[in-house]
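Student: Before we start, here is the structure in question, set down as structure tokens.
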Amino acid sequence: MKLRILHTNDLHSNFDNFSRMATLISTYKNENTIVLDGGDFADFKSIELQGTKGIAAIELLEEVGYDALTIGNNEMFNGVGTLEHMASHSSVPFISNNLVKKDLSIIQGVVSSAIVVKNGLRILITGSSPDMGVFNEGLGIHVYSYKDMIANEIKRNEGQYDLCILLSHIGTVADEEVAEDISEIDIILSAHDHQLYNEAKIAHGTIMNSAGNYGEYLGIVDIEINENKQVELIYSATLPTKNEEIDERITTILKENKAKAIMTLSRPLYHLEQPLWHDVLEENPLTNLIADGLKDMLKCEIGLINSGIANSGVFHDLSHKKLIEVCPSPLNPTSFEVKGKDIKLALEQSLDAQVCLADGRGPGFRGKFVGRLHISGADIIHDGKTIEGVMIGKRLMEDEVWYSVASSDYLQRGSGYPSLAHNRNDQYSPDEIKDVIRQYANQPDFVERAMMNRWKQVASVSV
């Protein structure tokens with residue numbers, strides 16, 4: 001018996017590409033085809049998803065005819081409540097064999113595996129989600145060992161299937177180990193690390209394929225299963241989508257959901273008494289407000305944030321839509337301790353416009369530039385090129401002293417400013433940076449304080 005598997009992964013809500021992907025799927029789909037996704041289909045940078053609690057993504061999956069998908073980290077990033085809402089309203093199975101709530105109860109709507117029958121062939125599909133480590137608590141999840149849970153699913157379904165497919169959102173390196181350790185898996189479709197295979201490969205007797213990211217390629221795997229249930233790879237490829245025609249069904253669904261989302265998200269939260277303008281290079285009140293809010297929220301000595309976290313200022317009325325537009329990155333308020341010398345090095349780098357205008361791409365970052373560092377709880381004395389001192393009240397920051405810093409997980413990892421990665425005792429909040437703006441932009445004392453500059457330039461003295 002022949003089976004065609006069409007598969008996608010790591011779309012990250014790049015729906016323009018997906019509208020072409022849908023055309024390609026229609027072209028290659030036949031009566032022996034199943035369509036699968038490896039996770040991170042739904043990225044909540046999308047207004048359509050934010051305003052519909054992810055239902056727009058479900059409608060796209062159902063319209064194209066997906067048979068199953070596994071849960072990636074981006075399906076989790078809006079919290080377990082949103083994940084439950086999506087999974088419970090989807091006719092397409094949301095699969096994860098190792099994901100539960102942090103109290104170890106099941107996530108409503110999520111299944112550990114599914115058996116899809118195609119022309120009499122029983123296909124066991126299970127999927128593994130990534131362990132987000134210290135972020136798990138904030139996301140409201142607990143993640144079991146994927147190897148143990150894959151083995152459990154295979155044992156639980158023994159005798160009930162003819163072919164086993166793993167949708168893996170744990171990365172291609174880990175998938176090689178899984179293929180070696182669990183021989184019962186026939187096919188692994190990889191995701192998470194955005195690897196693009198030109199064609200499927202066979203490792204330890206397991207067929208493996210990965211289709212890159214952002215909807216730029218569609219994976220295809222054609223196999224034949226003989227009477228002894230032996231699986232033979234007939235054909236495989238990753239097909240580019242860029243030259244395909246747009247599927248108007250997809251654009252219609254997106255247009256309808258965007259209208260719903262805009263209506264929902266545009267309701268004003270409150271009126272701003274003062275505008276909070278923004279700039280990537282210059283000290284500005286919006287980024288100062290975020291730094292002040294982080295310091296207050298996380299109860300640290302210093303607040304520190306990069307201006308690239310925001311795309312523009314906020315004026316007049318604040319709404320959820322405006323917050324998403326201004327601060328689309330799903331980054332978390334994060335506290336950690338770091339030595340004074342590493343803070344000062346980062347601040348000195350921030351005086352360099354080239355550093356501020358560097359490409360800010362990194363995990364969870366949805367902006368363009370890294371941006372200038374903004375500080376709360378301290379004044380920075382500089383001559384335009386070098387830092388002469390950082391004053392915390394009346395105390396001079398000391399090189400070897402550890403200071404508690406309220407920031408983001410982006411800076412905690414050293415993204416943009418590598419010296420900040422030399423930290424300890426990191427703790428994460430389940431909120432997002434956009435929530436800091438929402439919480440503090442209507443507090444007059446914080447708005448007034450945000451207008452006060454913390455970077456104090458003094459004339460350099462030549463001898």
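Each chain of the structure tokens is named A, B, ... in the order shown, its residues numbered from 1; ligands are numbered from 1 in display order.
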Residues within 9 Å of A:Lys299, please, as a list in words. Count only C-alpha atoms; anything in the same chain fewer than 3 positions from it doesn't count.

Tutor: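 Once the nearby chain positions are removed, what remains is Leu294, Lys295, Asp296, Ile302, Ser335, Ser404, Val405 and Ala406 of chain A.
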
Student: Do you know which residues are at most 6 Å from A:Ile188 counting only C-alpha atoms, after dropping those on the same chain fewer than 3 positions away, and could you put them as a PyMOL selection string?

Tutor: chain A and resi 165-166+208

Student: Among stretch 130-365 of chain A, which residues does DSSP mark as alpha helix (DSSP H) when it is run on the backbone? Keep the chain and numbering as in the structure and answer as number ranges by chain.

Tutor: A: 136-139, 146-156, 172-181, 248-265, 285-298, 320-326, 340-349, 353-356

Student: Which one is closest to A:Leu233: A:Ile5, A:Gly79, A:Ser96, A:Leu347? Count only C-alpha atoms.

Tutor: A:Ile5

Student: Using only C-alpha atoms, which of A:Ile187, A:Ile123, A:Val80, A:Pro130 sits nearest A:Gln108?

Tutor: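 Using only C-alpha atoms, A:Gln108 sits closest to A:Val80.
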
Student: Please return as a list in words: the residues of stretch 75-162 of chain A that backbone DSSP assigns to strand (DSSP E).

Tutor: Phe94, Ile95, Leu99, Val100, Lys101, Val110, Val111, Ser113, Ala114, Ile115, Val116, Val117, Lys118, Leu121, Arg122, Ile123, Leu124, Ile125, Thr126, Gly127, Ser128, Ile141, His142 and Val143 of chain A

Student: Mind checking which residues fall within 7 Å of stretch 442-447 of chain A, counting only C-alpha atoms, ignoring those fewer than 2 positions away in the same chain, and posting them as a CSV table (one decimal) with all heavy atoms, in the first residue's frame?

Tutor:
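In the end it all went to result_21.csv:
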```csv
chain,number,residue,atom,x,y,z
A,272,LEU,N,-4.6,57.9,27.4
A,272,LEU,CA,-3.3,58.4,27.9
A,272,LEU,C,-3.3,59.9,28.1
A,272,LEU,O,-3.7,60.6,27.2
A,272,LEU,CB,-2.2,58.0,26.9
A,272,LEU,CG,-1.9,56.5,26.7
A,272,LEU,CD1,-1.0,56.3,25.5
A,272,LEU,CD2,-1.3,55.9,27.9
A,289,LEU,N,9.6,54.0,30.7
A,289,LEU,CA,8.4,53.5,31.4
A,289,LEU,C,8.5,52.0,31.6
A,289,LEU,O,8.2,51.5,32.7
A,289,LEU,CB,7.2,53.9,30.7
A,289,LEU,CG,5.9,53.4,31.4
A,289,LEU,CD1,5.4,54.4,32.4
A,289,LEU,CD2,4.8,53.0,30.3
A,440,TYR,N,1.4,50.1,33.6
A,440,TYR,CA,2.0,51.4,34.1
A,440,TYR,C,1.7,52.6,33.3
A,440,TYR,O,2.0,53.7,33.8
A,440,TYR,CB,3.5,51.1,34.3
A,440,TYR,CG,3.8,50.2,35.4
A,440,TYR,CD1,4.0,48.8,35.1
A,440,TYR,CD2,4.0,50.6,36.7
A,440,TYR,CE1,4.3,47.9,36.1
A,440,TYR,CE2,4.3,49.7,37.7
A,440,TYR,CZ,4.4,48.4,37.4
A,440,TYR,OH,4.7,47.5,38.4
A,449,ARG,N,7.8,60.2,35.7
A,449,ARG,CA,9.1,59.7,35.9
A,449,ARG,C,9.8,59.3,34.6
A,449,ARG,O,11.0,59.5,34.4
A,449,ARG,CB,9.1,58.5,36.9
A,449,ARG,CG,10.5,58.2,37.5
A,449,ARG,CD,10.4,57.0,38.5
A,449,ARG,NE,9.3,57.2,39.4
A,449,ARG,CZ,8.7,56.2,40.0
A,449,ARG,NH1,9.1,54.9,39.8
A,449,ARG,NH2,7.7,56.4,40.9
A,450,ALA,N,9.0,58.7,33.7
A,450,ALA,CA,9.5,58.2,32.4
A,450,ALA,C,10.0,59.4,31.6
A,450,ALA,O,10.9,59.2,30.7
A,450,ALA,CB,8.4,57.4,31.7
A,451,MET,N,9.6,60.6,31.8
A,451,MET,CA,10.0,61.7,31.1
A,451,MET,C,11.4,62.2,31.5
A,451,MET,O,12.0,63.1,30.8
A,451,MET,CB,9.0,62.9,31.2
A,451,MET,CG,7.6,62.5,30.8
A,451,MET,SD,7.4,62.2,29.0
A,451,MET,CE,5.7,61.6,29.0
```

Student: Need the shell around A:Gly313: protein/DNA/RNA residues with any atom at most 10 Å away, counting only C-alpha atoms. Skip same-chain ones fewer than 5 positions apart. Format as a list in words?

Tutor: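 So the residues in contact are Pro275, Leu276, Trp277, His278, Asp279, Asn284, Pro285, Leu286, Thr287, Lys322, Leu323, Glu325, Val326 and Cys327 of chain A.
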
Student: For the contact check between stretch 232-277 of chain A and stretch 42-46 of chain A, emit one row per residue of stretch 232-277 of chain A within 12 Å, containing the shortest atom pair and the distance in Å rounded to one decimal, counting only C-alpha atoms, chain then rising number order, as JSON lines.

Tutor:
```
{"residue": "A:Leu254", "atom": "CA", "partner": "A:Ser46", "partner_atom": "CA", "distance": 10.5}
{"residue": "A:Asn257", "atom": "CA", "partner": "A:Ser46", "partner_atom": "CA", "distance": 10.8}
{"residue": "A:Lys258", "atom": "CA", "partner": "A:Ser46", "partner_atom": "CA", "distance": 9.2}
{"residue": "A:Ala261", "atom": "CA", "partner": "A:Ser46", "partner_atom": "CA", "distance": 9.8}
{"residue": "A:Ile262", "atom": "CA", "partner": "A:Ser46", "partner_atom": "CA", "distance": 11.2}
{"residue": "A:Leu265", "atom": "CA", "partner": "A:Ser46", "partner_atom": "CA", "distance": 12.0}
```

Student: Using only C-alpha atoms, which of the listed residues (A:Leu218, A:Leu298, A:Gly384, A:Arg438) sits closest to A:Ala459?

Tutor: A:Gly384

Student: Using only C-alpha atoms, determine which residues lie at most 10 Å from A:Ile141, disregarding the query and same-chain residues fewer than 5 positions distant; provide the list as a list of chain:residue names.

Tutor: A:Met76, A:Gly79, A:Val80, A:Leu99, A:Val100, A:Lys101, A:Lys102, A:Asp103, A:Leu104, A:Ser105, A:Ile106, A:Ile107, A:Asp131, A:Met132, A:Phe135, A:Asn136

Student: Please dump the current selection as a short mmCIF file (atom, residue, chain, number, x, y, z; two decimals), in the first residue's frame; keep C-alpha atoms.

Tutor:
```cif
data_model
loop_
_atom_site.label_atom_id
_atom_site.label_comp_id
_atom_site.auth_asym_id
_atom_site.auth_seq_id
_atom_site.Cartn_x
_atom_site.Cartn_y
_atom_site.Cartn_z
CA MET A 76 2.07 27.44 24.43
CA GLY A 79 -0.68 30.44 28.12
CA VAL A 80 -2.29 27.10 28.80
CA LEU A 99 2.72 18.00 27.86
CA VAL A 100 0.38 18.46 30.86
CA LYS A 101 -0.62 21.29 33.19
CA LYS A 102 1.78 22.18 35.97
CA ASP A 103 -0.51 20.40 38.48
CA LEU A 104 -0.07 17.29 36.26
CA SER A 105 -3.69 17.31 35.08
CA ILE A 106 -4.46 16.94 31.39
CA ILE A 107 -4.71 19.90 29.04
CA ASP A 131 10.77 21.43 27.35
CA MET A 132 10.91 25.19 27.95
CA PHE A 135 9.58 29.07 31.43
CA ASN A 136 7.34 26.07 32.18
#
```

Student: Mind pulling up the distance from atom CA of A:Asp292 to atom CA of A:His271?

Tutor: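 For atom CA of A:His271 relative to atom CA of A:Asp292, the distance reads 20.0 Å.
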
Student: Of the candidates A:Pro333, A:Gly414, A:Gly377, A:Gly215, which shows the shortest atom-to-atom distance to A:Gly360, using only C-alpha atoms?

Tutor: A:Gly414

Student: I'd like the neighbourhood of A:Val134 as an MDAnalysis selection string, where a residue qualifies if any of its atoms comes within 10 Å (using only C-alpha atoms), though same-chain residues fewer than 5 positions away should be ignored.

Tutor: chainID A and resid 139 426:429

Student: Using only C-alpha atoms, which residues sit within 9 Å of A:Leu24 once same-chain residues fewer than 6 positions away are excluded, as a list in words?

Tutor: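 Returned residues: Leu218, Leu239, Pro240, Thr241, Glu244 and Glu245 of chain A.
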
Student: For A:Leu69, which residue out of A:Gly138, A:Gly340, A:Gly109, A:Gly39 is the nearest one, using only C-alpha atoms?

Tutor: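 Selected residue with least distance to A:Leu69: A:Gly39.
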
Student: Compare A:Leu420, A:Val221, A:Val178, A:Leu318 by their minimum atom-to-atom distance to A:Leu345, counting only C-alpha atoms, and give me the closest one.

Tutor: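 Once distances to A:Leu345 are computed over only C-alpha atoms, the minimum belongs to A:Leu420.
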